[in-house]
$ cat structure.txt   # compact mmCIF, C-alpha atoms
# COMPACT_ATOMS: atom_id res chain seq x y z
CA MET A 1 29.58 -33.09 -102.76
CA LEU A 2 26.04 -31.91 -103.47
CA ALA A 3 27.37 -28.92 -105.41
CA GLY A 4 29.65 -31.21 -107.41
CA CYS A 5 26.75 -33.49 -108.28
CA ALA A 6 24.68 -30.56 -109.42
CA ALA A 7 27.54 -29.32 -111.58
CA GLY A 8 28.00 -32.78 -113.04
CA LEU A 9 24.32 -33.05 -113.77
CA ALA A 10 24.41 -29.73 -115.59
CA ARG A 11 27.13 -31.11 -117.89
CA LEU A 12 25.04 -34.13 -118.99
CA PRO A 13 24.26 -34.19 -122.73
CA VAL A 14 20.79 -33.36 -124.00
CA TRP A 15 18.29 -35.84 -122.48
CA SER A 16 16.91 -36.92 -125.89
CA GLU A 17 20.24 -38.41 -126.77
CA TYR A 18 19.84 -40.89 -123.89
CA TRP A 19 16.33 -42.14 -124.51
CA ALA A 20 16.35 -45.92 -124.55
CA PRO A 21 14.01 -47.72 -126.95
CA ALA A 22 11.62 -48.30 -124.04
CA GLY A 23 11.62 -44.58 -123.26
CA ALA A 24 13.66 -44.82 -120.03
CA LEU A 25 17.18 -43.78 -119.01
CA THR A 26 19.80 -46.45 -118.49
CA ASN A 27 21.03 -47.14 -114.95
CA ASP A 28 24.29 -45.31 -115.59
CA GLN A 29 22.46 -42.29 -116.96
CA SER A 30 19.81 -42.08 -114.17
CA GLU A 31 22.17 -42.67 -111.22
CA PRO A 32 23.38 -39.00 -110.95
CA ILE A 33 19.76 -37.83 -110.80
CA ALA A 34 18.80 -40.36 -108.12
CA PHE A 35 21.88 -39.55 -106.03
CA LEU A 36 21.15 -35.83 -106.21
CA GLN A 37 17.55 -36.44 -105.10
CA ARG A 38 18.71 -38.58 -102.17
CA MET A 39 21.08 -35.85 -101.01
CA GLN A 40 18.31 -33.27 -101.17
CA ASP A 41 15.95 -35.46 -99.14
CA ARG A 42 18.50 -36.39 -96.48
CA LYS A 43 18.41 -34.12 -93.36
CA PRO A 44 21.05 -34.45 -90.65
CA LEU A 45 19.58 -35.81 -87.41
CA ASP A 46 21.57 -33.31 -85.35
CA ARG A 47 20.45 -30.21 -87.25
CA LEU A 48 19.37 -27.39 -84.89
CA PRO A 49 16.09 -25.49 -85.02
CA PRO A 50 16.36 -21.67 -84.85
CA LEU A 51 17.53 -20.43 -81.43
CA ASP A 52 14.46 -18.22 -81.13
CA LEU A 53 12.23 -21.28 -81.47
CA LEU A 54 14.12 -23.11 -78.73
CA ALA A 55 13.87 -20.08 -76.44
CA SER A 56 10.10 -20.00 -77.02
CA PHE A 57 9.87 -23.72 -76.24
CA GLU A 58 11.82 -23.25 -73.00
CA ALA A 59 9.39 -20.51 -71.91
CA ALA A 60 6.32 -22.58 -72.83
CA ALA A 61 7.67 -25.69 -71.10
CA ARG A 62 8.66 -23.75 -67.97
CA HIS A 63 5.27 -22.06 -67.62
CA LEU A 64 3.28 -25.02 -69.02
CA SER A 65 1.20 -22.29 -70.63
CA PHE A 66 1.33 -20.90 -74.15
CA THR A 67 -0.40 -17.73 -72.92
CA LYS A 68 2.22 -16.96 -70.25
CA ALA A 69 5.07 -17.91 -72.58
CA ALA A 70 3.66 -15.65 -75.29
CA ALA A 71 3.55 -12.71 -72.86
CA GLU A 72 7.15 -13.35 -71.85
CA ARG A 73 8.29 -13.63 -75.49
CA PHE A 74 6.19 -10.64 -76.66
CA VAL A 75 4.16 -12.61 -79.20
CA THR A 76 0.49 -13.59 -79.39
CA GLN A 77 -0.80 -16.82 -77.91
CA SER A 78 -1.70 -18.13 -81.36
CA ALA A 79 1.81 -17.35 -82.64
CA MET A 80 3.33 -19.24 -79.70
CA SER A 81 1.06 -22.22 -80.41
CA ARG A 82 2.11 -22.21 -84.08
CA GLN A 83 5.79 -22.06 -83.10
CA MET A 84 5.42 -25.12 -80.89
CA ARG A 85 3.60 -27.01 -83.65
CA ALA A 86 6.38 -26.10 -86.06
CA LEU A 87 9.03 -27.34 -83.62
CA GLU A 88 7.16 -30.60 -83.09
CA ASP A 89 6.82 -31.05 -86.84
CA GLU A 90 10.54 -30.39 -87.27
CA LEU A 91 11.45 -32.97 -84.63
CA GLY A 92 8.82 -35.47 -85.62
CA VAL A 93 7.64 -35.99 -82.03
CA ALA A 94 5.10 -34.44 -79.66
CA LEU A 95 6.66 -32.25 -76.98
CA PHE A 96 3.40 -31.41 -75.18
CA THR A 97 0.28 -33.31 -74.30
CA ARG A 98 -2.50 -30.80 -74.82
CA ARG A 99 -5.35 -31.22 -72.37
CA HIS A 100 -8.34 -29.03 -71.60
CA ARG A 101 -6.88 -25.80 -70.20
CA ALA A 102 -3.61 -27.57 -69.38
CA LEU A 103 -0.27 -28.57 -70.91
CA VAL A 104 1.85 -31.55 -69.88
CA LEU A 105 5.35 -32.25 -71.15
CA THR A 106 5.96 -35.56 -72.87
CA ALA A 107 9.12 -37.52 -72.10
CA GLU A 108 10.76 -35.97 -75.16
CA GLY A 109 9.61 -32.52 -74.03
CA GLN A 110 11.16 -33.05 -70.59
CA ARG A 111 14.48 -34.06 -72.17
CA LEU A 112 14.49 -31.03 -74.45
CA LEU A 113 13.57 -28.67 -71.59
CA ALA A 114 16.49 -29.90 -69.45
CA SER A 115 18.90 -29.34 -72.33
CA CYS A 116 17.47 -25.94 -73.33
CA THR A 117 17.54 -24.67 -69.74
CA GLN A 118 21.22 -25.50 -69.39
CA VAL A 119 22.30 -24.23 -72.80
CA LEU A 120 20.30 -20.98 -72.73
CA SER A 121 21.55 -20.18 -69.22
CA SER A 122 25.13 -20.70 -70.37
CA LEU A 123 24.57 -18.53 -73.44
CA ARG A 124 23.07 -15.70 -71.39
CA SER A 125 26.00 -15.85 -68.97
CA THR A 126 28.50 -15.72 -71.83
CA MET A 127 26.71 -12.81 -73.50
CA ARG A 128 26.74 -10.91 -70.24
CA GLU A 129 30.48 -11.49 -69.79
CA ILE A 130 31.25 -10.45 -73.36
CA ARG A 131 29.22 -7.26 -73.07
CA ALA A 132 30.51 -6.33 -69.61
CA PRO A 133 33.68 -4.46 -70.74
CA GLN A 134 31.62 -2.21 -73.03
CA GLN A 135 28.67 -1.57 -70.73
CA ARG A 136 27.82 -0.81 -67.14
CA GLU A 137 27.27 -3.94 -65.09
CA VAL A 138 23.61 -4.78 -64.52
CA LEU A 139 22.27 -7.09 -61.83
CA ALA A 140 18.69 -8.32 -61.88
CA LEU A 141 16.61 -8.83 -58.74
CA THR A 142 13.07 -10.18 -58.47
CA THR A 143 10.92 -9.78 -55.36
CA THR A 144 7.37 -9.12 -54.17
CA PRO A 145 5.72 -5.74 -54.88
CA GLY A 146 5.28 -5.05 -51.16
CA PHE A 147 8.92 -5.68 -50.28
CA ALA A 148 10.07 -3.64 -53.27
CA ALA A 149 7.85 -0.61 -52.63
CA LEU A 150 7.96 -0.42 -48.83
CA TRP A 151 11.41 -1.67 -47.87
CA LEU A 152 13.87 -1.99 -50.75
CA ILE A 153 13.25 1.08 -52.92
CA PRO A 154 13.60 3.60 -50.05
CA ARG A 155 17.05 2.11 -49.32
CA LEU A 156 18.23 1.44 -52.87
CA THR A 157 19.77 4.88 -53.39
CA ALA A 158 22.37 4.06 -50.75
CA PHE A 159 23.56 1.08 -52.79
CA THR A 160 23.65 2.85 -56.16
CA ARG A 161 25.59 5.77 -54.68
CA ALA A 162 28.17 3.43 -53.15
CA HIS A 163 28.46 1.36 -56.36
CA ALA A 164 28.32 3.87 -59.20
CA GLY A 165 29.21 1.31 -61.88
CA ILE A 166 26.35 -1.07 -61.07
CA ASP A 167 22.79 -0.72 -62.33
CA VAL A 168 19.95 -2.61 -60.65
CA ARG A 169 17.04 -4.07 -62.64
CA LEU A 170 14.14 -4.63 -60.24
CA ASP A 171 11.27 -6.98 -61.05
CA ALA A 172 8.34 -6.61 -58.62
CA THR A 173 5.97 -9.55 -59.01
CA LEU A 174 4.21 -12.27 -57.06
CA ASP A 175 5.43 -14.85 -59.59
CA ASN A 176 8.30 -17.10 -58.53
CA ARG A 177 10.78 -16.46 -61.32
CA ASN A 178 13.18 -19.13 -62.50
CA LEU A 179 16.43 -17.24 -61.86
CA ALA A 180 18.73 -19.01 -64.33
CA ALA A 181 16.14 -19.44 -67.07
CA GLU A 182 14.75 -15.89 -66.89
CA GLY A 183 18.03 -14.03 -66.41
CA PHE A 184 17.79 -13.03 -62.74
CA ASP A 185 20.72 -12.94 -60.33
CA LEU A 186 18.89 -12.71 -56.99
CA ALA A 187 15.44 -13.10 -55.50
CA VAL A 188 13.93 -11.96 -52.22
CA ARG A 189 10.99 -14.23 -51.48
CA TYR A 190 8.32 -14.34 -48.81
CA GLY A 191 7.57 -17.73 -47.33
CA LYS A 192 7.89 -20.15 -44.45
CA LEU A 193 11.36 -20.59 -42.99
CA GLY A 194 13.01 -23.74 -44.25
CA ALA A 195 10.62 -24.12 -47.19
CA LEU A 196 12.89 -22.42 -49.75
CA ARG A 197 15.96 -24.46 -50.62
CA GLY A 198 19.20 -22.50 -50.64
CA ALA A 199 17.56 -19.41 -49.14
CA ARG A 200 19.14 -17.17 -46.51
CA LYS A 201 16.90 -15.39 -44.01
CA LEU A 202 16.85 -11.60 -44.18
CA PHE A 203 14.37 -11.04 -41.36
CA GLU A 204 11.28 -12.55 -39.80
CA GLU A 205 7.94 -10.81 -39.74
CA ALA A 206 5.64 -9.43 -37.05
CA MET A 207 2.03 -8.40 -37.73
CA LEU A 208 0.15 -5.54 -36.09
CA PRO A 209 -2.69 -3.15 -37.01
CA VAL A 210 -1.60 0.21 -38.46
CA CYS A 211 -3.54 3.26 -39.57
CA SER A 212 -3.32 6.99 -40.19
CA PRO A 213 -2.96 9.22 -37.10
CA ARG A 214 -6.16 10.95 -38.22
CA LEU A 215 -8.12 7.75 -37.67
CA VAL A 216 -6.95 7.46 -34.05
CA ALA A 217 -7.83 11.10 -33.42
CA GLU A 218 -11.50 10.60 -34.34
CA LEU A 219 -13.49 10.58 -31.10
CA GLU A 220 -16.74 9.17 -32.52
CA LEU A 221 -15.14 5.84 -33.52
CA PRO A 222 -12.76 4.67 -30.80
CA LEU A 223 -9.65 2.69 -31.73
CA ARG A 224 -7.98 1.96 -28.40
CA GLU A 225 -8.12 -1.85 -28.24
CA PRO A 226 -8.40 -4.74 -30.71
CA ALA A 227 -12.18 -5.13 -30.24
CA ASP A 228 -12.64 -1.56 -31.54
CA LEU A 229 -11.74 -2.80 -35.03
CA ALA A 230 -15.42 -3.71 -35.33
CA HIS A 231 -16.13 0.04 -35.80
CA HIS A 232 -13.68 0.49 -38.66
CA THR A 233 -12.87 -0.55 -42.22
CA LEU A 234 -10.28 -3.31 -42.55
CA LEU A 235 -7.89 -3.12 -45.49
CA HIS A 236 -6.66 -6.39 -46.94
CA LEU A 237 -5.40 -8.21 -50.01
CA ALA A 238 -7.87 -9.63 -52.49
CA MET A 239 -8.24 -13.38 -52.34
CA ASP A 240 -9.77 -16.05 -54.55
CA GLY A 241 -13.27 -17.28 -53.94
CA ASP A 242 -16.51 -15.44 -53.25
CA GLY A 243 -14.92 -13.09 -50.71
CA SER A 244 -17.13 -14.23 -47.85
CA GLY A 245 -15.65 -14.60 -44.39
CA MET A 246 -12.78 -12.75 -42.77
CA PRO A 247 -9.95 -11.57 -45.07
CA MET A 248 -7.23 -14.20 -45.10
CA GLU A 249 -4.34 -12.20 -43.64
CA TRP A 250 -6.47 -10.94 -40.74
CA GLU A 251 -7.63 -14.41 -39.64
CA PRO A 252 -4.57 -15.55 -37.65
CA TRP A 253 -4.10 -12.14 -36.03
CA LEU A 254 -7.72 -11.89 -34.87
CA SER A 255 -7.70 -15.49 -33.67
CA ALA A 256 -4.56 -14.83 -31.64
CA TRP A 257 -6.39 -12.00 -29.85
CA GLY A 258 -9.58 -13.95 -29.24
CA LEU A 259 -11.54 -12.09 -31.93
CA ALA A 260 -12.12 -14.80 -34.53
CA ASP A 261 -15.79 -13.80 -34.85
CA LEU A 262 -15.16 -10.05 -35.24
CA ARG A 263 -16.96 -8.42 -38.16
CA PRO A 264 -15.65 -5.02 -39.26
CA ALA A 265 -17.80 -2.10 -40.32
CA ALA A 266 -16.53 -2.52 -43.89
CA ARG A 267 -13.72 -4.01 -45.91
CA LEU A 268 -11.56 -2.73 -48.76
CA SER A 269 -9.51 -5.19 -50.79
CA PHE A 270 -6.45 -4.56 -52.95
CA THR A 271 -4.37 -6.58 -55.38
CA SER A 272 -1.05 -5.69 -53.72
CA TYR A 273 0.12 -5.11 -50.19
CA ALA A 274 1.67 -1.74 -51.08
CA GLU A 275 -1.76 -0.50 -52.22
CA ALA A 276 -3.37 -1.55 -48.94
CA ILE A 277 -0.70 0.31 -46.97
CA ALA A 278 -1.13 3.40 -49.18
CA ALA A 279 -4.85 3.33 -48.35
CA ALA A 280 -4.01 3.14 -44.65
CA VAL A 281 -1.75 6.20 -44.95
CA ALA A 282 -4.63 8.01 -46.67
CA GLY A 283 -6.94 7.28 -43.72
CA GLN A 284 -9.15 4.77 -45.56
CA GLY A 285 -9.04 2.19 -42.78
CA VAL A 286 -6.86 -0.14 -40.73
CA ALA A 287 -4.30 -2.41 -42.38
CA LEU A 288 -2.38 -5.29 -40.92
CA GLY A 289 1.16 -3.94 -40.90
CA ARG A 290 4.08 -6.24 -41.59
CA ARG A 291 7.16 -5.25 -39.70
CA PRO A 292 9.79 -4.35 -40.66
CA LEU A 293 8.21 -3.40 -44.03
CA VAL A 294 6.16 -0.61 -42.44
CA ASP A 295 8.83 0.56 -39.96
CA GLY A 296 9.80 3.51 -42.16
CA LEU A 297 6.22 4.76 -42.30
CA LEU A 298 5.86 4.32 -38.54
CA ALA A 299 9.10 6.22 -37.92
CA SER A 300 7.97 9.11 -40.14
CA GLY A 301 4.58 9.32 -38.43
CA GLN A 302 2.60 8.57 -41.59
CA LEU A 303 1.31 5.46 -39.84
CA VAL A 304 0.71 4.71 -36.17
CA THR A 305 -0.11 1.60 -34.16
CA PRO A 306 -3.40 2.33 -32.36
CA PHE A 307 -2.61 -0.30 -29.71
CA ASP A 308 0.30 -2.57 -28.88
CA ALA A 309 -0.68 -5.91 -30.41
CA ASN A 310 2.24 -7.56 -32.16
CA THR A 311 1.77 -11.12 -33.42
CA ALA A 312 4.68 -13.15 -34.72
CA SER A 313 4.33 -14.57 -38.22
CA ALA A 314 5.47 -17.99 -39.37
CA ARG A 315 6.86 -16.41 -42.53
CA ALA A 316 10.02 -14.53 -43.34
CA TYR A 317 11.75 -12.63 -46.15
CA GLN A 318 14.54 -14.73 -47.60
CA LEU A 319 17.34 -14.15 -50.10
CA ILE A 320 18.17 -16.55 -52.93
CA VAL A 321 21.21 -16.04 -55.17
CA ASP A 322 21.64 -17.87 -58.46
CA PRO A 323 24.79 -20.01 -58.02
CA ALA A 324 26.22 -18.99 -61.39
CA SER A 325 25.63 -15.29 -60.66
CA ARG A 326 27.41 -15.37 -57.31
CA ALA A 327 30.75 -15.41 -59.15
CA ARG A 328 30.08 -11.83 -60.28
CA PRO A 329 31.51 -9.11 -57.98
CA ALA A 330 28.42 -6.92 -58.48
CA VAL A 331 26.10 -9.67 -57.27
CA ARG A 332 28.27 -10.42 -54.24
CA ALA A 333 28.36 -6.71 -53.40
CA PHE A 334 24.58 -6.43 -53.55
CA GLU A 335 24.14 -9.61 -51.51
CA GLN A 336 26.39 -8.32 -48.72
CA TRP A 337 24.72 -4.89 -48.79
CA LEU A 338 21.26 -6.45 -48.57
CA LEU A 339 22.23 -8.69 -45.65
CA ALA A 340 23.72 -5.70 -43.81
CA GLN A 341 20.57 -3.63 -44.38
CA ALA A 342 18.37 -6.48 -43.15
CA ALA A 343 20.50 -6.95 -40.02
CA ALA A 344 20.17 -3.24 -39.23
CA ALA A 345 16.38 -3.41 -39.69
CA SER A 346 15.85 -6.48 -37.50
$ encode --input "structure.txt" --output "structure tokens"
Amino acid sequence: MLAGCAAGLARLPVWSEYWAPAGALTNDQSEPIAFLQRMQDRKPLDRLPPLDLLASFEAAARHLSFTKAAAERFVTQSAMSRQMRALEDELGVALFTRRHRALVLTAEGQRLLASCTQVLSSLRSTMREIRAPQQREVLALTTTPGFAALWLIPRLTAFTRAHAGIDVRLDATLDNRNLAAEGFDLAVRYGKLGALRGARKLFEEAMLPVCSPRLVAELELPLREPADLAHHTLLHLAMDGDGSGMPMEWEPWLSAWGLADLRPAARLSFTSYAEAIAAAVAGQGVALGRRPLVDGLLASGQLVTPFDANTASARAYQLIVDPASRARPAVRAFEQWLLAQAAAAS
């Protein structure tokens, strides 16, 4: 209709022929112009913003951080902020309440997030199904760096050899990924039993000191009983705060052995558990080994337990599978393989 109006307007006679004595067009003459202007100004209420803008909003709303969303979307923080302003201007409502160093979703933002999460997840699933006949099947797993480096990666070759048509995309991070929203099929997470909804236990954890055989062989600094840790460097994960006091992961173990007041000769801190274990293998000090993560290194002799001092942990490694992904044969195959490997390691 708009095109027809424009064409009709183009066929109007020269405007000077229509000047009324008062210098204005008659109602009949001005109506086509007014109608055309109204059609140009009218915007459908159900028009959709660009898909890329909605995907950026979903990331920003999920993280409640423009900085984290920008990193995920490979844009700058200022570009992400401008995108969200543009979306709010397009909708005519605020989607975020911007506070000092914090974002909060408005009621409209919460409604849009729920819709975007569902729609984008469905789109990703459909794209994966459409591409599957032309490409190798890819499954995506997210887990902690320690579990990935020490337990999963040494075993992963067995799975890829047995399933030649399946590629595994491994994401090693301490962040708890949103499986459906971020395109992951499975997650192996570390936490208290019963705290993760829908999770299936792989194995529980036991803690004990581990070190290089060279450290035990040194005669000048004995390492034959727990109290001897006072002569050695303790390796641990970095923690927030001023760093004073006993490293967090050592506290429950030392308390269990009546050594809550023990002060080591020195401490080395690391940002990941795999780094702390690598330092132990290199003879830098004593780490608190998490079994069965360190079982392979103990079996190979790269690490030893200087004394028998196991302490059970309240945490466990647990498997979560995205419900929509479980319908895929590749995901079910990996799930069953992982459960079998965990059972053999327990």
$ residues_near_point --input "structure.txt" --point "(19.9, -20.4, -67.2)" --cutoff "10 Å" --atoms "all atoms listed in the file" --output "VMD selection string"
chain A and resid 116 to 125 178 to 184 322 324
$ closest_residue --input "structure.txt" --among "A:Val104, A:Leu113, A:Leu234, A:Ala276" --to "Ser65 (chain A)" --atoms "only C-alpha atoms"
A:Val104
$ closest_residue --input "structure.txt" --among "A:Ser325, A:Ser81, A:Gln318, A:Ser56" --to "Glu204 (chain A)" --atoms "all atoms listed in the file"
A:Gln318
$ closest_residue --input "structure.txt" --among "A:Lys68, A:Glu88, A:Gln336, A:Pro226" --to "Trp257 (chain A)" --atoms "all atoms listed in the file"
A:Pro226
$ closest_residue --input "structure.txt" --among "A:Ala107, A:Ala114, A:His100, A:Ala316" --to "Phe57 (chain A)" --atoms "all atoms listed in the file"
A:Ala114
$ atom_distance --input "structure.txt" --atom1 "CA of Leu53 (chain A)" --atom2 "CA of Asp89 (chain A)"
12.4 Å
$ closest_residue --input "structure.txt" --among "A:Leu193, A:Ala140, A:Ala60, A:Val93" --to "Ile166 (chain A)" --atoms "only C-alpha atoms"
A:Ala140
$ closest_residue --input "structure.txt" --among "A:Pro154, A:His232, A:Leu259, A:Leu288" --to "Glu220 (chain A)" --atoms "all atoms listed in the file"
A:His232
$ axis_aligned_box --input "structure.txt" --around "region 154-157 of chain A" --padding-each-side "3 Å" --output "AutoDock Vina command-line options"
--center_x 16.7 --center_y 3.2 --center_z -51.4 --size_x 12.2 --size_y 9.4 --size_z 10.1
$ residues_around --input "structure.txt" --residues "Ala340 (chain A)" --least-positions-apart "5" --cutoff "12 Å" --atoms "all atoms listed in the file" --output "ChimeraX atom specification"
/A:155,159,201-203,333-335,345-346
$ decode --input "structure.txt" --residues "region 170-187 of chain A" --atoms "N, CA and C atoms" --output "PDB file, in the first residue's frame"
ATOM      1  N   LEU A 170      36.509 -28.947  24.512  1.00  0.00           N
ATOM      2  CA  LEU A 170      36.695 -28.911  25.966  1.00  0.00           C
ATOM      3  C   LEU A 170      36.918 -27.480  26.433  1.00  0.00           C
ATOM      4  N   ASP A 171      36.131 -27.055  27.386  1.00  0.00           N
ATOM      5  CA  ASP A 171      36.222 -25.722  27.978  1.00  0.00           C
ATOM      6  C   ASP A 171      36.640 -25.886  29.436  1.00  0.00           C
ATOM      7  N   ALA A 172      37.875 -25.507  29.760  1.00  0.00           N
ATOM      8  CA  ALA A 172      38.400 -25.647  31.116  1.00  0.00           C
ATOM      9  C   ALA A 172      38.328 -24.294  31.810  1.00  0.00           C
ATOM     10  N   THR A 173      37.435 -24.153  32.770  1.00  0.00           N
ATOM     11  CA  THR A 173      37.221 -22.875  33.428  1.00  0.00           C
ATOM     12  C   THR A 173      36.608 -23.101  34.810  1.00  0.00           C
ATOM     13  N   LEU A 174      36.788 -22.134  35.675  1.00  0.00           N
ATOM     14  CA  LEU A 174      36.138 -22.173  36.987  1.00  0.00           C
ATOM     15  C   LEU A 174      34.751 -21.542  36.943  1.00  0.00           C
ATOM     16  N   ASP A 175      34.382 -20.939  35.817  1.00  0.00           N
ATOM     17  CA  ASP A 175      33.053 -20.353  35.672  1.00  0.00           C
ATOM     18  C   ASP A 175      32.010 -21.446  35.496  1.00  0.00           C
ATOM     19  N   ASN A 176      30.849 -21.256  36.103  1.00  0.00           N
ATOM     20  CA  ASN A 176      29.732 -22.176  35.908  1.00  0.00           C
ATOM     21  C   ASN A 176      28.963 -21.757  34.658  1.00  0.00           C
ATOM     22  N   ARG A 177      29.237 -22.415  33.550  1.00  0.00           N
ATOM     23  CA  ARG A 177      28.602 -22.056  32.291  1.00  0.00           C
ATOM     24  C   ARG A 177      27.116 -22.400  32.305  1.00  0.00           C
ATOM     25  N   ASN A 178      26.345 -21.584  31.607  1.00  0.00           N
ATOM     26  CA  ASN A 178      24.944 -21.896  31.350  1.00  0.00           C
ATOM     27  C   ASN A 178      24.915 -22.800  30.122  1.00  0.00           C
ATOM     28  N   LEU A 179      24.631 -24.088  30.310  1.00  0.00           N
ATOM     29  CA  LEU A 179      24.796 -25.057  29.222  1.00  0.00           C
ATOM     30  C   LEU A 179      23.970 -24.689  27.999  1.00  0.00           C
ATOM     31  N   ALA A 180      22.674 -24.498  28.172  1.00  0.00           N
ATOM     32  CA  ALA A 180      21.801 -24.237  27.021  1.00  0.00           C
ATOM     33  C   ALA A 180      22.130 -22.906  26.376  1.00  0.00           C
ATOM     34  N   ALA A 181      22.354 -21.883  27.184  1.00  0.00           N
ATOM     35  CA  ALA A 181      22.564 -20.540  26.637  1.00  0.00           C
ATOM     36  C   ALA A 181      23.916 -20.404  25.959  1.00  0.00           C
ATOM     37  N   GLU A 182      24.937 -21.121  26.449  1.00  0.00           N
ATOM     38  CA  GLU A 182      26.287 -20.955  25.917  1.00  0.00           C
ATOM     39  C   GLU A 182      26.717 -22.101  25.006  1.00  0.00           C
ATOM     40  N   GLY A 183      25.793 -22.984  24.667  1.00  0.00           N
ATOM     41  CA  GLY A 183      26.088 -24.009  23.674  1.00  0.00           C
ATOM     42  C   GLY A 183      26.894 -25.194  24.176  1.00  0.00           C
ATOM     43  N   PHE A 184      26.742 -25.564  25.456  1.00  0.00           N
ATOM     44  CA  PHE A 184      27.450 -26.728  25.983  1.00  0.00           C
ATOM     45  C   PHE A 184      26.482 -27.889  26.193  1.00  0.00           C
ATOM     46  N   ASP A 185      26.990 -29.101  25.953  1.00  0.00           N
ATOM     47  CA  ASP A 185      26.177 -30.304  26.098  1.00  0.00           C
ATOM     48  C   ASP A 185      26.285 -30.917  27.489  1.00  0.00           C
ATOM     49  N   LEU A 186      27.484 -30.876  28.064  1.00  0.00           N
ATOM     50  CA  LEU A 186      27.736 -31.513  29.364  1.00  0.00           C
ATOM     51  C   LEU A 186      28.618 -30.615  30.215  1.00  0.00           C
ATOM     52  N   ALA A 187      28.571 -30.862  31.522  1.00  0.00           N
ATOM     53  CA  ALA A 187      29.466 -30.190  32.456  1.00  0.00           C
ATOM     54  C   ALA A 187      29.872 -31.175  33.538  1.00  0.00           C
TER      55      ALA A 187
END
